[in-house]
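Asks: Dropping in target09.cif, which is mmCIF, C-alpha atoms:
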data_my_file
#
loop_
_atom_site.group_PDB
_atom_site.id
_atom_site.type_symbol
_atom_site.label_atom_id
_atom_site.label_comp_id
_atom_site.auth_asym_id
_atom_site.auth_seq_id
_atom_site.Cartn_x
_atom_site.Cartn_y
_atom_site.Cartn_z
ATOM 1 C CA MET U 1 1.145 36.608 2.956
ATOM 2 C CA PRO U 2 3.355 33.491 2.876
ATOM 3 C CA GLN U 3 3.905 31.408 6.011
ATOM 4 C CA THR U 4 6.314 33.169 8.349
ATOM 5 C CA ASP U 5 9.432 31.259 9.378
ATOM 6 C CA ILE U 6 9.965 32.419 12.955
ATOM 7 C CA TYR U 7 13.551 31.150 13.014
ATOM 8 C CA GLU U 8 14.481 33.212 9.947
ATOM 9 C CA LEU U 9 12.883 36.337 11.429
ATOM 10 C CA ILE U 10 14.684 35.918 14.735
ATOM 11 C CA GLU U 11 17.958 35.217 12.919
ATOM 12 C CA CYS U 12 17.552 38.407 10.865
ATOM 13 C CA MET U 13 16.743 40.462 13.971
ATOM 14 C CA THR U 14 19.734 38.967 15.776
ATOM 15 C CA ALA U 15 22.078 39.770 12.884
ATOM 16 C CA LEU U 16 20.819 43.351 12.787
ATOM 17 C CA ILE U 17 21.162 43.783 16.543
ATOM 18 C CA ARG U 18 24.676 42.254 16.548
ATOM 19 C CA SER U 19 25.696 44.552 13.693
ATOM 20 C CA GLU U 20 24.626 47.597 15.702
ATOM 21 C CA GLU U 21 26.365 46.250 18.812
ATOM 22 C CA ARG U 22 29.618 45.785 16.853
ATOM 23 C CA LYS U 23 29.445 49.393 15.630
ATOM 24 C CA LYS U 24 28.891 50.711 19.152
ATOM 25 C CA CYS U 25 31.636 48.476 20.571
ATOM 26 C CA THR U 26 34.110 49.713 17.975
ATOM 27 C CA GLU U 27 33.319 53.317 18.925
ATOM 28 C CA LEU U 28 33.954 52.451 22.591
ATOM 29 C CA GLY U 29 37.116 50.395 22.030
ATOM 30 C CA LEU U 30 35.414 47.139 23.016
ATOM 31 C CA GLN U 31 35.242 43.759 21.368
ATOM 32 C CA PRO U 32 31.759 42.235 20.974
ATOM 33 C CA VAL U 33 32.716 39.530 23.471
ATOM 34 C CA HIS U 34 33.364 42.263 26.062
ATOM 35 C CA PHE U 35 29.872 43.632 25.482
ATOM 36 C CA GLN U 36 28.349 40.154 25.755
ATOM 37 C CA VAL U 37 30.076 39.489 29.076
ATOM 38 C CA LEU U 38 29.126 42.888 30.512
ATOM 39 C CA ASN U 39 25.559 42.410 29.332
ATOM 40 C CA TYR U 40 25.394 38.955 30.892
ATOM 41 C CA LEU U 41 26.814 40.156 34.192
ATOM 42 C CA SER U 42 24.268 42.977 34.305
ATOM 43 C CA ARG U 43 21.534 40.308 34.290
ATOM 44 C CA ALA U 44 23.185 37.501 36.295
ATOM 45 C CA ASN U 45 22.138 36.723 39.851
ATOM 46 C CA LYS U 46 24.520 35.794 42.631
ATOM 47 C CA TYR U 47 24.423 32.131 41.614
ATOM 48 C CA SER U 48 25.280 32.936 38.021
ATOM 49 C CA ASN U 49 28.023 35.561 38.289
ATOM 50 C CA THR U 50 30.976 33.190 38.008
ATOM 51 C CA PRO U 51 33.423 32.705 35.134
ATOM 52 C CA ALA U 52 32.058 29.185 34.560
ATOM 53 C CA ALA U 53 28.487 30.503 34.305
ATOM 54 C CA VAL U 54 29.587 33.195 31.825
ATOM 55 C CA ALA U 55 31.278 30.543 29.682
ATOM 56 C CA ASN U 56 28.236 28.270 29.788
ATOM 57 C CA TYR U 57 25.741 31.027 29.016
ATOM 58 C CA LEU U 58 27.712 32.486 26.117
ATOM 59 C CA GLY U 59 28.858 29.117 24.786
ATOM 60 C CA MET U 60 32.509 30.124 24.963
ATOM 61 C CA THR U 61 35.559 28.305 26.197
ATOM 62 C CA ARG U 62 36.725 29.018 29.703
ATOM 63 C CA GLY U 63 40.014 30.243 28.253
ATOM 64 C CA THR U 64 38.275 32.861 26.092
ATOM 65 C CA VAL U 65 36.186 33.979 29.044
ATOM 66 C CA SER U 66 39.248 34.095 31.303
ATOM 67 C CA GLN U 67 41.151 36.357 28.880
ATOM 68 C CA THR U 68 38.079 38.562 28.428
ATOM 69 C CA LEU U 69 37.632 38.925 32.196
ATOM 70 C CA ILE U 70 41.277 39.944 32.600
ATOM 71 C CA ILE U 71 40.784 42.747 30.066
ATOM 72 C CA LEU U 72 37.486 43.895 31.606
ATOM 73 C CA GLU U 73 39.018 43.930 35.076
ATOM 74 C CA LYS U 74 42.039 45.963 33.876
ATOM 75 C CA LYS U 75 39.666 48.477 32.270
ATOM 76 C CA GLY U 76 37.837 48.834 35.596
ATOM 77 C CA TYR U 77 34.552 47.438 34.294
ATOM 78 C CA ILE U 78 34.287 44.406 36.580
ATOM 79 C CA GLU U 79 35.546 43.216 39.924
ATOM 80 C CA LYS U 80 36.444 39.675 40.976
ATOM 81 C CA THR U 81 35.779 38.577 44.543
ATOM 82 C CA PRO U 82 36.220 35.170 46.167
ATOM 83 C CA ASP U 83 33.118 33.388 47.469
ATOM 84 C CA GLY U 84 32.616 33.743 51.223
ATOM 85 C CA ASN U 85 32.168 30.006 51.728
ATOM 86 C CA ASP U 86 34.250 28.432 48.997
ATOM 87 C CA LYS U 87 37.457 30.338 48.208
ATOM 88 C CA ARG U 88 37.858 28.357 44.955
ATOM 89 C CA VAL U 89 34.780 30.117 43.529
ATOM 90 C CA ILE U 90 35.165 33.607 42.079
ATOM 91 C CA HIS U 91 32.197 35.967 41.749
ATOM 92 C CA LEU U 92 32.123 38.733 39.176
ATOM 93 C CA ARG U 93 30.527 42.102 39.762
ATOM 94 C CA LEU U 94 29.774 44.762 37.208
ATOM 95 C CA LEU U 95 31.221 48.077 38.407
ATOM 96 C CA ALA U 96 29.657 51.490 37.764
ATOM 97 C CA GLU U 97 32.058 52.236 34.885
ATOM 98 C CA GLY U 98 31.206 48.856 33.337
ATOM 99 C CA ALA U 99 27.484 49.574 33.651
ATOM 100 C CA GLU U 100 27.979 52.944 31.990
ATOM 101 C CA VAL U 101 29.951 51.559 29.035
ATOM 102 C CA LEU U 102 27.346 48.795 28.682
ATOM 103 C CA LYS U 103 24.598 51.404 28.533
ATOM 104 C CA GLN U 104 26.514 53.271 25.823
ATOM 105 C CA ALA U 105 27.165 50.071 23.850
ATOM 106 C CA ARG U 106 23.534 48.957 23.699
ATOM 107 C CA PRO U 107 21.795 49.854 20.427
ATOM 108 C CA SER U 108 19.072 51.781 22.290
ATOM 109 C CA ASP U 109 18.664 54.378 19.499
ATOM 110 C CA LEU U 110 17.806 51.575 17.086
ATOM 111 C CA PHE U 111 15.215 50.139 19.473
ATOM 112 C CA SER U 112 13.687 53.543 20.214
ATOM 113 C CA SER U 113 13.280 54.193 16.492
ATOM 114 C CA ALA U 114 11.872 50.716 15.879
ATOM 115 C CA THR U 115 9.385 51.127 18.754
ATOM 116 C CA GLY U 116 8.182 54.394 17.241
ATOM 117 C CA ILE U 117 7.751 52.750 13.869
ATOM 118 C CA LEU U 118 5.791 49.874 15.399
ATOM 119 C CA ARG U 119 3.453 52.287 17.172
ATOM 120 C CA THR U 120 2.685 54.174 13.966
ATOM 121 C CA THR U 121 1.783 51.137 11.860
ATOM 122 C CA GLY U 122 -1.719 50.996 13.290
ATOM 123 C CA GLN U 123 -1.617 47.209 13.009
ATOM 124 C CA GLU U 124 -2.482 45.001 15.946
ATOM 125 C CA LEU U 125 0.462 42.901 17.065
ATOM 126 C CA THR U 126 -0.546 39.246 17.120
ATOM 127 C CA ASP U 127 1.386 36.053 17.763
ATOM 128 C CA ALA U 128 1.450 35.391 14.028
ATOM 129 C CA ASN U 129 2.910 38.724 12.941
ATOM 130 C CA VAL U 130 4.720 40.202 15.942
ATOM 131 C CA PHE U 131 8.145 38.928 14.855
ATOM 132 C CA GLN U 132 7.661 40.099 11.282
ATOM 133 C CA GLN U 133 6.535 43.529 12.438
ATOM 134 C CA ALA U 134 9.357 43.780 14.967
ATOM 135 C CA LEU U 135 11.930 42.833 12.324
ATOM 136 C CA THR U 136 10.488 45.290 9.813
ATOM 137 C CA ALA U 137 10.564 48.067 12.415
ATOM 138 C CA LEU U 138 14.190 47.274 13.316
ATOM 139 C CA GLN U 139 15.159 47.287 9.640
ATOM 140 C CA LYS U 140 13.456 50.628 8.994
ATOM 141 C CA ALA U 141 15.010 52.139 12.113
ATOM 142 C CA ASN U 142 18.438 50.942 11.004
ATOM 143 C CA GLN U 143 18.041 52.627 7.599
ATOM 144 C CA SER U 144 20.253 50.094 5.922
ATOM 145 C CA GLN U 145 19.939 47.066 3.723
ATOM 146 C CA SER U 146 17.633 44.675 5.468
ATOM 147 C CA PHE U 147 18.884 41.387 3.997
ATOM 148 C CA GLY U 148 15.403 40.056 4.639
ATOM 149 C CA VAL U 149 13.788 36.895 3.336
ATOM 150 C CA CYS U 150 12.701 37.466 -0.261
ATOM 151 C CA LYS U 151 9.071 36.419 0.208
ATOM 152 C CA THR U 152 8.630 39.091 2.896
ATOM 153 C CA CYS U 153 9.741 41.925 0.580
ATOM 154 C CA ARG U 154 7.583 44.740 -0.742
ATOM 155 C CA ASN U 155 8.680 43.778 -4.283
ATOM 156 C CA PHE U 156 7.722 40.114 -3.946
ATOM 157 C CA SER U 157 4.553 38.976 -5.688
ATOM 158 C CA GLU U 158 2.806 35.693 -6.290
ATOM 159 C CA LYS U 159 0.264 34.942 -9.008
ATOM 160 C CA ASP U 160 -1.032 31.570 -10.106
ATOM 161 C CA GLY U 161 1.667 29.791 -8.067
ATOM 162 C CA GLU U 162 4.497 31.752 -9.746
ATOM 163 C CA PHE U 163 6.811 34.010 -7.749
ATOM 164 C CA PHE U 164 8.018 37.293 -9.220
ATOM 165 C CA CYS U 165 10.328 40.157 -8.178
ATOM 166 C CA GLN U 166 8.881 43.503 -9.177
ATOM 167 C CA LEU U 167 12.243 45.220 -8.652
ATOM 168 C CA THR U 168 14.304 43.029 -10.987
ATOM 169 C CA GLN U 169 11.334 41.984 -13.140
ATOM 170 C CA GLU U 170 12.399 38.357 -12.868
ATOM 171 C CA THR U 171 10.592 35.132 -12.085
ATOM 172 C CA LEU U 172 11.727 33.572 -8.812
ATOM 173 C CA THR U 173 12.058 29.951 -7.804
ATOM 174 C CA VAL U 174 10.569 28.693 -4.554
ATOM 175 C CA ASP U 175 14.142 28.298 -3.285
ATOM 176 C CA ASP U 176 14.986 31.925 -4.162
ATOM 177 C CA SER U 177 11.853 33.192 -2.424
ATOM 178 C CA GLU U 178 12.916 31.598 0.855
ATOM 179 C CA LYS U 179 16.444 33.036 0.995
ATOM 180 C CA ILE U 180 17.871 36.351 2.155
ATOM 181 C CA CYS U 181 18.081 39.122 -0.428
ATOM 182 C CA GLN U 182 20.293 42.209 -0.204
ATOM 183 C CA GLU U 183 17.731 44.162 -2.236
ATOM 184 C CA HIS U 184 14.992 43.393 0.307
ATOM 185 C CA THR U 185 12.669 46.259 1.097
ATOM 186 C CA PRO U 186 10.551 45.794 4.245
ATOM 187 C CA VAL U 187 6.802 45.940 3.686
#
I need this file expressed as structure tokens, please.
Replies:
Amino acid sequence: MPQTDIYELIECMTALIRSEERKKCTELGLQPVHFQVLNYLSRANKYSNTPAAVANYLGMTRGTVSQTLIILEKKGYIEKTPDGNDKRVIHLRLLAEGAEVLKQARPSDLFSSATGILRTTGQELTDANVFQQALTALQKANQSQSFGVCKTCRNFSEKDGEFFCQLTQETLTVDDSEKICQEHTPV
């Protein structure tokens, strides 16, 4: 099998996960940024539950975070409280309703299906193939186009230094073999 590009695998997994999150958020009347903030706050400790920390962690402007927090507070998902020692500092707390909507928004069905697929492969997960296997399991669980890297596809073949797509019956360039393909079928 060709050398695995860990970045590409992680990027593909991230895109798939974000796609599922967007679907769930739409169903719940949330924007993805709302989900990201709720998710962050569910994992933030008392030193990290401030608007500035949210902005830094998510790489967003303070203005975007401020507007998002206003919406989440109005929906009853979070609570703002001043710091006991420094009244200029605001702490954010995820409320029960926010925790519940976060639980509903997480793509847990996708991960449960992918975990089942991983367990049935019979292959040992090693450092070299764990990302590839995890991505393949996520793609199968999602039951949609995988948009995977061409050289990791079931239809990709290599003979005598030439790359070939068995699906389209075409010769592939090295450049083509390293890019995402909408016809990708996980191995």
Asks: When you count all atoms listed in the file, which of these residues is closest to U:Ala105: U:Lys80, U:Arg18, U:Lys24, U:Arg88?
Replies: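 Selected residue with least distance to U:Ala105: U:Lys24.
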Asks: Compare U:Arg43, U:Ala141, U:Ile117, U:Cys181 by their minimum atom-to-atom distance to U:Asn155, counting only C-alpha atoms, and give me the closest one.
Replies: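 Closest residue, counting only C-alpha atoms: U:Cys181.
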Asks: So that I can see what lies close to U:Asp176, please list as a ChimeraX atom specification the residues with an atom at most 10 Å from it, counting only C-alpha atoms and leaving out residues fewer than 6 positions away in the same chain.
Replies: /U:149-151,163
Asks: Could you tell me how far atom CA of U:Ala134 lies from atom CA of U:Asp109, in Å and to one decimal?
Replies: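 A separation of 14.8 Å between them.
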Asks: Using all atoms listed in the file and a cutoff of 12 Å, can you tell me which residues are near (32.4, 29.8, 26.7) in the file's coordinates, and write them out as a ChimeraX atom specification?
Replies: /U:33,36-37,50-69
Asks: Could you put an axis-aligned box around every listed atom of stretch 21-26 of chain U, padded by 4 Å on each side, and send me its centre and edge lengths in Å to one decimal, as lines of an AutoDock Vina configuration file?
Replies:
center_x = 30.2
center_y = 48.2
center_z = 18.1
size_x = 15.7
size_y = 12.9
size_z = 12.9
Asks: Quick one: of U:His184, U:Lys74, U:Lys159, U:Lys103, who's nearest to U:Asn39, counting all atoms listed in the file?
Replies: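 Going through U:His184, U:Lys74, U:Lys159, U:Lys103 one by one, the smallest distance to U:Asn39 is for U:Lys103.
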Asks: What does the PyMOL selection byres ((chain U and resi 173) around 12) select in this file, as a PDB file with C-alpha atoms, keeping the file's coordinate frame?
Replies:
ATOM      1  CA  CYS U 150      12.701  37.466  -0.261  1.00  0.00           C
ATOM      2  CA  LYS U 151       9.071  36.419   0.208  1.00  0.00           C
ATOM      3  CA  PHE U 156       7.722  40.114  -3.946  1.00  0.00           C
ATOM      4  CA  SER U 157       4.553  38.976  -5.688  1.00  0.00           C
ATOM      5  CA  GLU U 158       2.806  35.693  -6.290  1.00  0.00           C
ATOM      6  CA  GLY U 161       1.667  29.791  -8.067  1.00  0.00           C
ATOM      7  CA  GLU U 162       4.497  31.752  -9.746  1.00  0.00           C
ATOM      8  CA  PHE U 163       6.811  34.010  -7.749  1.00  0.00           C
ATOM      9  CA  PHE U 164       8.018  37.293  -9.220  1.00  0.00           C
ATOM     10  CA  CYS U 165      10.328  40.157  -8.178  1.00  0.00           C
ATOM     11  CA  GLU U 170      12.399  38.357 -12.868  1.00  0.00           C
ATOM     12  CA  THR U 171      10.592  35.132 -12.085  1.00  0.00           C
ATOM     13  CA  LEU U 172      11.727  33.572  -8.812  1.00  0.00           C
ATOM     14  CA  VAL U 174      10.569  28.693  -4.554  1.00  0.00           C
ATOM     15  CA  ASP U 175      14.142  28.298  -3.285  1.00  0.00           C
ATOM     16  CA  ASP U 176      14.986  31.925  -4.162  1.00  0.00           C
ATOM     17  CA  SER U 177      11.853  33.192  -2.424  1.00  0.00           C
ATOM     18  CA  GLU U 178      12.916  31.598   0.855  1.00  0.00           C
ATOM     19  CA  LYS U 179      16.444  33.036   0.995  1.00  0.00           C
TER      20      LYS U 179
END
Asks: From the options U:Arg93, U:Lys23, U:Val187, U:Ser112, which residue's atoms come nearest to U:Ala44, counting all atoms listed in the file?
Replies: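 Between U:Arg93, U:Lys23, U:Val187, U:Ser112, the residue approaching U:Ala44 most closely is U:Arg93.
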Asks: Show me, as a PyMOL selection string, the residues that have an atom within 12 Å of U:Leu30 when counting all atoms listed in the file, minus same-chain residues fewer than 4 positions from it.
Replies: chain U and resi 21-26+34-38+68+71-72+75+77+98+101-102+104-105
Asks: Report the residues retrieved by the PyMOL selection byres ((chain U and resi 82) around 12) from the displayed file, expressed as number ranges by chain.
Replies: U: 49-51, 79-81, 83-93
Asks: Tell me, in Å to one decimal, how far atom CA of U:Ser113 is from atom CA of U:Leu94.
Replies: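 For atom CA of U:Ser113 relative to atom CA of U:Leu94, the distance reads 28.1 Å.
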Asks: What gap, in Å, lies between atom CA of U:Gly116 and atom CA of U:Gln133?
Replies: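 Computing it gives 12.0 Å between the two atoms.
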Asks: Rank U:Ser19, U:Gly29, U:Glu183, U:Met13 by their smallest atom-to-atom distance to U:Ala137, using only C-alpha atoms, and report the top residue only.
Replies: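 Checking each of U:Ser19, U:Gly29, U:Glu183, U:Met13 against U:Ala137, counting only C-alpha atoms, the winner is U:Met13.
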Asks: Report as a PyMOL selection string all protein, DNA and RNA residues lying within 10 Å of U:Ile17, evaluated on all atoms listed in the file, omitting residues in the same chain fewer than 5 positions from it.
Replies: chain U and resi 11-12+22+106-107+110-111+138-139+142
Asks: Using only C-alpha atoms, which of the listed residues (U:Asn45, U:Thr185, U:Gln31, U:Thr14) sits closest to U:Cys153?
Replies: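 Of all the options, U:Thr185 lies closest to U:Cys153.
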